[in-house]
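For reference, the structure discussed in these notes is given below.
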Amino acid sequence: MVRSRRLALAALGLSLGIAPLLWQSAASQETASQALTILADVQQANAMTGVITARGNVQLRYPARQIQATAAQAQYFSREGRIVLSGNVYVLQEGNSLRADSITYLIQESKFVALPAPSRQVESILMIPDDPNQQIIESVQP
């Protein structure tokens, strides 16, 4: 049943021009690493608006940018290059994490915008190198 959902959604993705988002070919490792994959209990795609909505146990993987995320819902706005995750959102990228009620990822800018639930806060955990200048100095030396 899961395979049939993926195939049906992939066919719908072809009409939206976003098939790589929905269905990865095992034949191409390079394409797979650049693909953004969304797994969920239910997914809907609107060919008129170019919006894909995923609901229930949403998992997002974007290996090219080392991003993993979970949420209750995700919406991918293909024409705007924007992903909106909502409901207990957790994002992990290169060891750094972000928790919020809603997080928008602007794909072209590689930028996250996080908003808390009412009377709550956004939580960020950032991995800071022991000596942040060391990396800069090493890259400058011949």
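Residues are referred to by chain and number: the chain letter is A, B, ... according to the order shown in the structure tokens, the number counts from 1 in that chain, and ligands are numbered separately from 1 in the order shown.
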Members of segment 25-119 of chain A assigned alpha helix (DSSP H) by DSSP, as a ChimeraX atom specification: /A:29-34
If you count only C-alpha atoms, the residue of A:Ile107, A:Ala114, A:Met127, A:Ala64 closest to Leu85 of chain A turns out to be A:Ala114
Atom CA of Pro63 of chain A to atom CA of Gln93 of chain A, distance in Å rounded to a single decimal: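 These atoms are spaced 9.6 Å apart.
Distances from A:Ile103, A:Ala54, A:Ala35, A:Ile128 to Tyr76 of chain A were compared using only C-alpha atoms, and the smallest one belongs to A:Ala54.
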Can you pull out the residues contacting Ser102 of chain A? Cut-off 9 Å, using only C-alpha atoms, and skip same-chain residues under 3 positions away; I want them as a count of residues only. 13
Residues within 9 Å of Leu126 of chain A, please, as an MDAnalysis selection string. Count only C-alpha atoms; anything in the same chain fewer than 3 positions from it doesn't count. chainID A and resid 95:98
Once you have the residues from the selection above, write them out as a short mmCIF file (atom, residue, chain, number, x, y, z; two decimals), in the first residue's frame, restricted to N, CA, C and O atoms.
```
data_model
loop_
_atom_site.label_atom_id
_atom_site.label_comp_id
_atom_site.auth_asym_id
_atom_site.auth_seq_id
_atom_site.Cartn_x
_atom_site.Cartn_y
_atom_site.Cartn_z
N GLY A 95 24.53 18.64 12.87
CA GLY A 95 24.68 18.62 14.32
C GLY A 95 23.96 19.73 15.04
O GLY A 95 23.79 19.69 16.25
N ASN A 96 23.50 20.75 14.34
CA ASN A 96 22.73 21.85 14.93
C ASN A 96 21.25 21.48 14.87
O ASN A 96 20.80 20.86 13.91
N SER A 97 20.50 21.86 15.91
CA SER A 97 19.08 21.52 15.91
C SER A 97 18.22 22.74 16.23
O SER A 97 18.68 23.72 16.83
N LEU A 98 16.97 22.64 15.79
CA LEU A 98 16.00 23.72 15.96
C LEU A 98 14.67 23.10 16.28
O LEU A 98 14.23 22.15 15.60
#
```
One-decimal distance in Å that lies between atom CA of Ala69 of chain A and atom CA of Gly56 of chain A: 13.1 Å
Quote the spacing between atom CA of Ile125 of chain A and atom CA of Phe112 of chain A in Å to one decimal place.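 According to the coordinates, atom CA of Ile125 of chain A and atom CA of Phe112 of chain A are separated by 13.8 Å.
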Just list as a PyMOL selection string whatever in segment 76-141 of chain A DSSP marks as strand (DSSP E or B). chain A and resi 76-77+82-93+96-106+111-115+123-125
Residue among A:Ala74, A:Leu106, A:Leu92, A:Val51 lying closest to Thr37 of chain A, counting only C-alpha atoms: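 Closest residue, counting only C-alpha atoms: A:Ala74.
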